[in-house]
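Raw data-v4.cif, mmCIF, C-alpha atoms:
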```cif
data_run
#
loop_
_atom_site.group_PDB
_atom_site.id
_atom_site.type_symbol
_atom_site.label_atom_id
_atom_site.label_comp_id
_atom_site.auth_asym_id
_atom_site.auth_seq_id
_atom_site.Cartn_x
_atom_site.Cartn_y
_atom_site.Cartn_z
ATOM 1 C CA MET A 6 7.676 -13.994 19.870
ATOM 2 C CA THR A 7 8.943 -15.350 16.566
ATOM 3 C CA GLN A 8 5.550 -14.771 14.938
ATOM 4 C CA ARG A 9 5.698 -11.003 15.440
ATOM 5 C CA PRO A 10 8.796 -10.472 13.223
ATOM 6 C CA LEU A 11 7.242 -12.775 10.613
ATOM 7 C CA ALA A 12 4.031 -10.751 10.718
ATOM 8 C CA ALA A 13 6.044 -7.547 10.431
ATOM 9 C CA ALA A 14 7.858 -8.940 7.394
ATOM 10 C CA ALA A 15 4.488 -9.787 5.835
ATOM 11 C CA TRP A 16 3.246 -6.231 6.388
ATOM 12 C CA MET A 17 6.500 -4.920 4.928
ATOM 13 C CA THR A 18 5.882 -6.985 1.811
ATOM 14 C CA GLY A 19 2.667 -5.015 1.403
ATOM 15 C CA ALA A 20 4.525 -1.741 1.932
ATOM 16 C CA ILE A 21 7.144 -2.665 -0.670
ATOM 17 C CA ALA A 22 4.428 -3.561 -3.174
ATOM 18 C CA ALA A 23 2.611 -0.285 -2.481
ATOM 19 C CA PHE A 24 5.718 1.912 -2.834
ATOM 20 C CA THR A 25 6.678 0.104 -6.041
ATOM 21 C CA ALA A 26 3.165 0.433 -7.476
ATOM 22 C CA MET A 27 3.164 4.148 -6.692
ATOM 23 C CA ALA A 28 6.445 4.709 -8.545
ATOM 24 C CA VAL A 29 5.349 2.665 -11.587
ATOM 25 C CA ALA A 30 1.920 4.361 -11.733
ATOM 26 C CA THR A 31 3.610 7.771 -11.656
ATOM 27 C CA ARG A 32 5.824 6.756 -14.571
ATOM 28 C CA GLN A 33 2.766 5.639 -16.551
ATOM 29 C CA ILE A 34 1.134 9.085 -16.496
ATOM 30 C CA LYS A 35 4.189 11.344 -16.510
ATOM 31 C CA GLY A 36 3.537 12.453 -20.097
ATOM 32 C CA VAL A 37 -0.032 13.528 -19.291
ATOM 33 C CA HIS A 38 0.022 14.981 -15.778
ATOM 34 C CA ASP A 39 2.752 17.085 -14.207
ATOM 35 C CA THR A 40 3.997 16.663 -10.637
ATOM 36 C CA PHE A 41 1.529 19.085 -9.035
ATOM 37 C CA GLU A 42 -1.450 17.576 -10.856
ATOM 38 C CA ILE A 43 -0.477 14.118 -9.634
ATOM 39 C CA LEU A 44 -0.125 15.405 -6.064
ATOM 40 C CA ALA A 45 -3.422 17.306 -6.154
ATOM 41 C CA PHE A 46 -5.535 14.510 -7.640
ATOM 42 C CA ARG A 47 -3.848 11.877 -5.492
ATOM 43 C CA SER A 48 -4.597 13.821 -2.300
ATOM 44 C CA MET A 49 -8.212 14.514 -3.284
ATOM 45 C CA ILE A 50 -8.801 10.809 -3.864
ATOM 46 C CA GLY A 51 -6.879 10.002 -0.684
ATOM 47 C CA TRP A 52 -9.040 12.393 1.352
ATOM 48 C CA VAL A 53 -12.194 10.660 0.121
ATOM 49 C CA ILE A 54 -10.711 7.281 1.068
ATOM 50 C CA VAL A 55 -9.706 8.500 4.551
ATOM 51 C CA MET A 56 -13.189 9.964 5.124
ATOM 52 C CA ALA A 57 -14.830 6.718 4.002
ATOM 53 C CA ILE A 58 -12.609 4.652 6.313
ATOM 54 C CA GLY A 59 -13.148 7.049 9.219
ATOM 55 C CA LEU A 60 -16.916 6.970 8.701
ATOM 56 C CA ALA A 61 -17.010 3.183 8.413
ATOM 57 C CA LEU A 62 -14.978 2.752 11.614
ATOM 58 C CA GLY A 63 -16.729 5.545 13.515
ATOM 59 C CA GLN A 64 -13.465 7.454 13.948
ATOM 60 C CA LEU A 65 -14.361 10.871 12.494
ATOM 61 C CA ALA A 66 -15.057 12.277 15.970
ATOM 62 C CA ARG A 67 -11.348 11.818 16.777
ATOM 63 C CA ILE A 68 -10.311 14.456 14.220
ATOM 64 C CA ARG A 69 -8.932 17.411 16.220
ATOM 65 C CA THR A 70 -8.527 21.084 15.317
ATOM 66 C CA ASP A 71 -6.408 22.317 18.233
ATOM 67 C CA ARG A 72 -3.032 21.575 16.568
ATOM 68 C CA LEU A 73 -3.620 23.021 13.118
ATOM 69 C CA GLY A 74 -0.379 25.028 13.227
ATOM 70 C CA SER A 75 1.657 21.864 13.665
ATOM 71 C CA HIS A 76 -0.258 20.135 10.891
ATOM 72 C CA VAL A 77 0.317 23.061 8.518
ATOM 73 C CA LEU A 78 4.064 23.123 9.171
ATOM 74 C CA ARG A 79 4.368 19.337 8.833
ATOM 75 C CA ASN A 80 2.416 19.300 5.588
ATOM 76 C CA LEU A 81 4.427 22.113 4.055
ATOM 77 C CA PHE A 82 7.553 19.995 4.562
ATOM 78 C CA HIS A 83 5.785 16.838 3.398
ATOM 79 C CA PHE A 84 4.380 18.523 0.296
ATOM 80 C CA SER A 85 7.852 19.791 -0.605
ATOM 81 C CA GLY A 86 9.294 16.292 -0.176
ATOM 82 C CA GLN A 87 6.495 14.696 -2.171
ATOM 83 C CA SER A 88 6.859 17.210 -5.006
ATOM 84 C CA LEU A 89 10.576 16.499 -5.294
ATOM 85 C CA TRP A 90 10.044 12.716 -5.057
ATOM 86 C CA PHE A 91 7.345 12.537 -7.734
ATOM 87 C CA TYR A 92 9.399 14.764 -10.025
ATOM 88 C CA ALA A 93 12.501 12.605 -9.523
ATOM 89 C CA VAL A 94 10.534 9.431 -10.322
ATOM 90 C CA THR A 95 9.732 10.835 -13.773
ATOM 91 C CA VAL A 96 13.251 11.929 -14.772
ATOM 92 C CA ILE A 97 15.901 9.591 -13.271
ATOM 93 C CA PRO A 98 16.161 5.792 -12.889
ATOM 94 C CA LEU A 99 13.736 4.411 -10.306
ATOM 95 C CA ALA A 100 16.487 2.564 -8.423
ATOM 96 C CA GLN A 101 18.430 5.812 -8.038
ATOM 97 C CA VAL A 102 15.361 7.540 -6.582
ATOM 98 C CA PHE A 103 14.819 4.759 -4.049
ATOM 99 C CA ALA A 104 18.497 4.618 -3.076
ATOM 100 C CA LEU A 105 18.599 8.350 -2.382
ATOM 101 C CA GLU A 106 15.271 8.152 -0.533
ATOM 102 C CA PHE A 107 16.851 5.676 1.894
ATOM 103 C CA THR A 108 19.122 8.469 3.158
ATOM 104 C CA SER A 109 16.186 9.887 5.128
ATOM 105 C CA PRO A 110 17.361 8.139 8.371
ATOM 106 C CA ILE A 111 20.787 9.749 7.939
ATOM 107 C CA TRP A 112 19.215 13.190 7.713
ATOM 108 C CA VAL A 113 17.133 12.446 10.817
ATOM 109 C CA ILE A 114 20.411 11.853 12.672
ATOM 110 C CA LEU A 115 21.709 15.247 11.565
ATOM 111 C CA LEU A 116 18.441 17.129 12.129
ATOM 112 C CA ALA A 117 17.433 15.573 15.467
ATOM 113 C CA PRO A 118 19.769 17.807 17.534
ATOM 114 C CA MET A 119 18.095 20.857 15.979
ATOM 115 C CA PHE A 120 14.476 19.679 16.292
ATOM 116 C CA LEU A 121 14.580 17.450 19.383
ATOM 117 C CA GLY A 122 17.737 18.522 21.194
ATOM 118 C CA GLU A 123 19.275 15.049 20.881
ATOM 119 C CA ARG A 124 23.027 14.575 21.279
ATOM 120 C CA LEU A 125 25.129 13.530 18.294
ATOM 121 C CA SER A 126 27.082 10.495 19.467
ATOM 122 C CA ARG A 127 30.258 9.270 17.779
ATOM 123 C CA ARG A 128 28.365 6.234 16.446
ATOM 124 C CA LYS A 129 25.755 8.480 14.820
ATOM 125 C CA VAL A 130 28.424 10.706 13.273
ATOM 126 C CA VAL A 131 30.090 7.643 11.711
ATOM 127 C CA ALA A 132 26.707 6.401 10.487
ATOM 128 C CA ALA A 133 25.902 9.776 8.917
ATOM 129 C CA PHE A 134 29.332 9.922 7.257
ATOM 130 C CA LEU A 135 28.893 6.456 5.705
ATOM 131 C CA GLY A 136 25.432 7.403 4.494
ATOM 132 C CA LEU A 137 26.638 10.609 2.873
ATOM 133 C CA VAL A 138 29.501 8.759 1.162
ATOM 134 C CA GLY A 139 26.884 6.347 -0.145
ATOM 135 C CA VAL A 140 24.856 9.266 -1.482
ATOM 136 C CA TRP A 141 27.958 10.567 -3.235
ATOM 137 C CA ILE A 142 28.515 7.198 -4.940
ATOM 138 C CA VAL A 143 24.858 6.829 -5.956
ATOM 139 C CA ALA A 144 24.453 10.400 -7.181
ATOM 140 C CA ARG A 145 27.904 10.699 -8.824
ATOM 141 C CA PRO A 146 27.539 14.491 -8.865
ATOM 142 C CA ASP A 147 28.976 16.459 -11.768
ATOM 143 C CA PHE A 148 29.325 19.947 -10.334
ATOM 144 C CA GLY A 149 29.651 21.302 -13.857
ATOM 145 C CA ALA A 150 26.153 20.035 -14.694
ATOM 146 C CA LEU A 151 24.214 18.870 -11.642
ATOM 147 C CA ASP A 152 21.329 16.533 -12.480
ATOM 148 C CA PRO A 153 18.036 18.152 -11.338
ATOM 149 C CA GLY A 154 16.466 14.714 -10.818
ATOM 150 C CA VAL A 155 19.259 13.551 -8.514
ATOM 151 C CA MET A 156 19.120 16.813 -6.579
ATOM 152 C CA ALA A 157 15.334 16.445 -6.289
ATOM 153 C CA ALA A 158 15.559 12.876 -4.932
ATOM 154 C CA ALA A 159 18.243 13.866 -2.419
ATOM 155 C CA GLY A 160 16.225 16.921 -1.366
ATOM 156 C CA ALA A 161 13.099 14.798 -0.936
ATOM 157 C CA ALA A 162 14.942 12.623 1.589
ATOM 158 C CA VAL A 163 15.835 15.729 3.627
ATOM 159 C CA PHE A 164 12.232 16.965 3.654
ATOM 160 C CA PHE A 165 10.932 13.484 4.566
ATOM 161 C CA ALA A 166 13.387 13.389 7.478
ATOM 162 C CA ALA A 167 12.128 16.735 8.783
ATOM 163 C CA THR A 168 8.553 15.535 8.316
ATOM 164 C CA ASN A 169 9.304 12.398 10.338
ATOM 165 C CA LEU A 170 10.546 14.465 13.248
ATOM 166 C CA MET A 171 7.401 16.606 13.203
ATOM 167 C CA THR A 172 5.205 13.512 12.834
ATOM 168 C CA LYS A 173 6.781 12.049 15.971
ATOM 169 C CA ALA A 174 5.684 15.134 17.905
ATOM 170 C CA LEU A 175 2.161 14.997 16.439
ATOM 171 C CA THR A 176 1.609 11.330 17.296
ATOM 172 C CA ARG A 177 1.807 12.213 20.995
ATOM 173 C CA GLY A 178 -1.889 12.539 21.696
ATOM 174 C CA GLU A 179 -3.117 12.741 18.082
ATOM 175 C CA ALA A 180 -5.114 9.895 16.518
ATOM 176 C CA ILE A 181 -3.887 8.408 13.249
ATOM 177 C CA ILE A 182 -7.216 9.230 11.568
ATOM 178 C CA SER A 183 -6.742 12.893 12.507
ATOM 179 C CA ILE A 184 -3.197 12.965 11.104
ATOM 180 C CA LEU A 185 -4.322 11.290 7.860
ATOM 181 C CA PHE A 186 -7.345 13.610 7.555
ATOM 182 C CA TRP A 187 -5.273 16.777 7.785
ATOM 183 C CA LEU A 188 -2.496 15.217 5.702
ATOM 184 C CA THR A 189 -4.710 14.454 2.713
ATOM 185 C CA LEU A 190 -6.810 17.636 3.028
ATOM 186 C CA MET A 191 -3.853 20.013 3.301
ATOM 187 C CA GLN A 192 -1.902 18.169 0.608
ATOM 188 C CA ALA A 193 -4.932 18.512 -1.684
ATOM 189 C CA VAL A 194 -5.176 22.260 -1.011
ATOM 190 C CA LEU A 195 -1.439 22.799 -1.526
ATOM 191 C CA GLY A 196 -1.536 20.644 -4.650
ATOM 192 C CA CYS A 197 -4.452 22.599 -6.118
ATOM 193 C CA ILE A 198 -2.703 25.926 -5.445
ATOM 194 C CA ALA A 199 0.547 24.718 -7.021
ATOM 195 C CA MET A 200 -1.359 23.108 -9.915
ATOM 196 C CA GLY A 201 -3.188 26.350 -10.650
ATOM 197 C CA LEU A 202 -0.015 28.437 -10.524
ATOM 198 C CA SER A 203 1.995 26.055 -12.736
ATOM 199 C CA GLY A 204 -0.123 26.614 -15.850
ATOM 200 C CA PRO A 205 -3.024 24.957 -17.698
ATOM 201 C CA VAL A 206 -4.526 22.027 -15.786
ATOM 202 C CA THR A 207 -5.018 18.630 -17.398
ATOM 203 C CA LEU A 208 -7.980 16.888 -15.805
ATOM 204 C CA PRO A 209 -7.938 13.115 -15.243
ATOM 205 C CA THR A 210 -8.965 11.055 -18.240
ATOM 206 C CA LEU A 211 -10.378 7.542 -18.510
ATOM 207 C CA SER A 212 -6.839 6.293 -19.097
ATOM 208 C CA THR A 213 -5.105 8.236 -16.293
ATOM 209 C CA LEU A 214 -7.783 8.075 -13.572
ATOM 210 C CA PRO A 215 -7.087 4.404 -12.678
ATOM 211 C CA TRP A 216 -3.382 5.218 -12.262
ATOM 212 C CA LEU A 217 -4.206 8.229 -10.050
ATOM 213 C CA VAL A 218 -6.491 6.051 -7.914
ATOM 214 C CA LEU A 219 -3.709 3.462 -7.654
ATOM 215 C CA ILE A 220 -1.247 6.160 -6.515
ATOM 216 C CA ALA A 221 -3.686 7.331 -3.824
ATOM 217 C CA VAL A 222 -4.536 3.821 -2.596
ATOM 218 C CA ALA A 223 -0.871 2.773 -2.670
ATOM 219 C CA GLY A 224 0.145 5.812 -0.621
ATOM 220 C CA ILE A 225 -2.352 5.081 2.160
ATOM 221 C CA THR A 226 -1.623 1.341 2.030
ATOM 222 C CA ALA A 227 2.129 1.922 2.294
ATOM 223 C CA HIS A 228 1.708 4.106 5.384
ATOM 224 C CA LEU A 229 -0.614 1.571 7.009
ATOM 225 C CA CYS A 230 1.661 -1.409 6.294
ATOM 226 C CA LEU A 231 4.823 0.375 7.401
ATOM 227 C CA THR A 232 3.300 1.698 10.616
ATOM 228 C CA THR A 233 1.828 -1.719 11.451
ATOM 229 C CA ALA A 234 5.160 -3.433 10.800
ATOM 230 C CA LEU A 235 6.925 -1.040 13.162
ATOM 231 C CA SER A 236 4.331 -1.778 15.842
ATOM 232 C CA LEU A 237 5.025 -5.523 15.562
ATOM 233 C CA ALA A 238 8.821 -5.611 15.374
ATOM 234 C CA PRO A 239 11.831 -3.393 16.055
ATOM 235 C CA ALA A 240 13.362 -1.254 13.326
ATOM 236 C CA SER A 241 16.262 -3.717 13.124
ATOM 237 C CA VAL A 242 13.779 -6.141 11.523
ATOM 238 C CA VAL A 243 11.715 -3.674 9.490
ATOM 239 C CA VAL A 244 14.464 -1.554 7.888
ATOM 240 C CA PRO A 245 16.409 -4.446 6.284
ATOM 241 C CA VAL A 246 13.162 -5.762 4.754
ATOM 242 C CA ASP A 247 12.349 -2.270 3.481
ATOM 243 C CA PHE A 248 15.697 -2.225 1.665
ATOM 244 C CA ALA A 249 14.386 -5.050 -0.543
ATOM 245 C CA ARG A 250 12.611 -2.292 -2.458
ATOM 246 C CA LEU A 251 15.904 -1.328 -4.073
ATOM 247 C CA PRO A 252 16.696 -4.529 -6.034
ATOM 248 C CA ILE A 253 12.999 -4.967 -6.844
ATOM 249 C CA ILE A 254 12.629 -1.480 -8.324
ATOM 250 C CA ALA A 255 15.999 -1.825 -10.082
ATOM 251 C CA PHE A 256 14.739 -5.000 -11.757
ATOM 252 C CA ILE A 257 11.440 -3.330 -12.738
ATOM 253 C CA GLY A 258 13.301 -0.333 -14.155
ATOM 254 C CA TRP A 259 15.537 -2.660 -16.167
ATOM 255 C CA ILE A 260 12.703 -4.816 -17.531
ATOM 256 C CA PHE A 261 10.070 -2.181 -18.288
ATOM 257 C CA TYR A 262 12.027 1.049 -18.793
ATOM 258 C CA ASN A 263 15.392 -0.215 -20.079
ATOM 259 C CA GLU A 264 17.242 1.391 -17.144
ATOM 260 C CA ALA A 265 20.786 0.156 -16.655
ATOM 261 C CA ILE A 266 21.666 -1.515 -13.347
ATOM 262 C CA GLU A 267 25.080 -0.198 -12.333
ATOM 263 C CA PRO A 268 27.292 -1.767 -9.623
ATOM 264 C CA THR A 269 27.953 1.689 -8.105
ATOM 265 C CA LEU A 270 24.254 1.971 -7.267
ATOM 266 C CA PHE A 271 24.389 -1.062 -4.981
ATOM 267 C CA LEU A 272 27.794 -0.066 -3.580
ATOM 268 C CA GLY A 273 26.445 3.326 -2.554
ATOM 269 C CA ALA A 274 23.188 1.828 -1.291
ATOM 270 C CA GLY A 275 25.214 -0.684 0.731
ATOM 271 C CA LEU A 276 27.061 2.142 2.500
ATOM 272 C CA ILE A 277 23.770 3.927 3.170
ATOM 273 C CA PHE A 278 22.364 0.700 4.627
ATOM 274 C CA LEU A 279 25.497 0.207 6.738
ATOM 275 C CA GLY A 280 25.065 3.697 8.146
ATOM 276 C CA ILE A 281 21.438 2.940 9.036
ATOM 277 C CA TRP A 282 22.430 -0.407 10.563
ATOM 278 C CA ILE A 283 25.000 1.310 12.791
ATOM 279 C CA THR A 284 22.276 3.721 13.861
ATOM 280 C CA LEU A 285 19.984 0.802 14.721
ATOM 281 C CA GLY A 286 22.661 -0.499 17.046
ATOM 282 C CA SER A 287 22.714 2.794 18.940
ATOM 283 C CA GLY A 288 19.103 2.458 20.100
ATOM 284 C CA ALA A 289 15.584 2.076 18.787
ATOM 285 C CA SER A 290 14.387 5.642 19.100
ATOM 286 C CA GLY A 291 16.022 7.054 16.010
ATOM 287 C CA PRO A 292 15.175 4.378 13.455
ATOM 288 C CA GLN A 293 11.679 3.858 14.803
ATOM 289 C CA ARG A 294 11.036 7.492 14.102
ATOM 290 C CA VAL A 295 12.555 7.380 10.643
ATOM 291 C CA ALA A 296 10.497 4.972 8.646
ATOM 292 C CA VAL A 297 7.001 6.337 9.217
ATOM 293 C CA THR A 298 6.720 9.082 6.599
ATOM 294 C CA LYS A 299 7.220 8.325 2.920
ATOM 295 C CA PRO A 300 5.836 9.636 -0.350
#
```
Since I need it in another form, could you write the structure as structure tokens?
Amino acid sequence: MTQRPLAAAAWMTGAIAAFTAMAVATRQIKGVHDTFEILAFRSMIGWVIVMAIGLALGQLARIRTDRLGSHVLRNLFHFSGQSLWFYAVTVIPLAQVFALEFTSPIWVILLAPMFLGERLSRRKVVAAFLGLVGVWIVARPDFGALDPGVMAAAGAAVFFAATNLMTKALTRGEAIISILFWLTLMQAVLGCIAMGLSGPVTLPTLSTLPWLVLIAVAGITAHLCLTTALSLAPASVVVPVDFARLPIIAFIGWIFYNEAIEPTLFLGAGLIFLGIWITLGSGASGPQRVAVTKP
């Protein structure tokens, strides 16, 4: 029994590395490619990877077409969340992006009654309140001049929460290869449409293509590691390990991008974590659902 949490922690180490690599790679090409170009090229490369894996494992026959409406709705939410996340990564400190992203479980608490008909218990209300106070401390909103990057990161967390709820419904009877196939294909189509409408397109170059490949590989790797970790251990083990991303990305932002590490960031993140921890104590269903969908 003790080996399963250790294995989950090992998989989470891979997820942390993948999420961190994705954020750093995005920063490296932000002056060349805009958000929609990154999303489009990333999803095209990701689709090729998913097809290659599905072909190698003989899983392509499990791709279904009878739930396309659900896939379209889920991917519209996911694309919106991804667009906001990738934009935020290029304009505000990386640690701030990650801290605000961690509010996704709080938004699941608030959205679950609407999407799944779940009851809002007193414990969940307290957890949501603590999380929102944490957001306030991290974001430090100036209502006279709201920071678009902060608003984008906070909005991404809301869209990821909604996507998680829809993913939970899709996983009932849908193979992972089918979900990943439609995810990458639809994200590529949406990305190409948005890329074309946003203005002149900058094609990948010899210097940016490796970073785009890294973003695509890191995205798929992160999903695989996170999902595997959740299958091996309860969310009470996985979520605290996932929070290690915050100090790691804060350190990277400080070393490589000269981003200040402010005590209020960790104070706010601590309240967000406390809210999630309270939620974990109220049962496994909520948190297990939360951590599946990321950028």
Hey, what comes out of the PyMOL selection byres ((chain A and resi 133) around 8) on this file? Could you write it as a list in words?
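Selected by the PyMOL selection byres ((chain A and resi 133) around 8) here: Ile111, Trp112, Ile114, Leu115, Lys129, Val130, Val131, Ala132, Phe134, Leu135, Gly136, Leu137 and Gly280 of chain A.
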From the set A:Ala14, A:Val113, A:Ile97, A:Ile198, which residue has the shortest atom-to-atom contact distance to Thr233 (chain A), counting all atoms listed in the file?
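For Thr233 (chain A), the nearest of the given residues is A:Ala14.
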Can you tell me how far CA of Pro10 (chain A) sits from CA of Thr226 (chain A), in Å to one decimal?
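Value for the CA of Pro10 (chain A)-CA of Thr226 (chain A) distance: 19.3 Å.
Shortest atom-to-atom contact with Pro215 (chain A) among A:Met17, A:Ile34, A:Ala144, A:Ala227: A:Ile34, counting only C-alpha atoms.
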Would you pick out the contacts of Thr207 (chain A) at 12 Å or less, using only C-alpha atoms, so that residues sharing its chain but fewer than 6 positions from it are not included, and give the list as a list in words?
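The neighbour list is Ile34, Lys35, Gly36, Val37, His38, Asp39, Thr40, Phe41, Glu42, Ile43, Ala45, Phe46, Cys197, Met200, Gly201, Thr213 and Leu214 of chain A.
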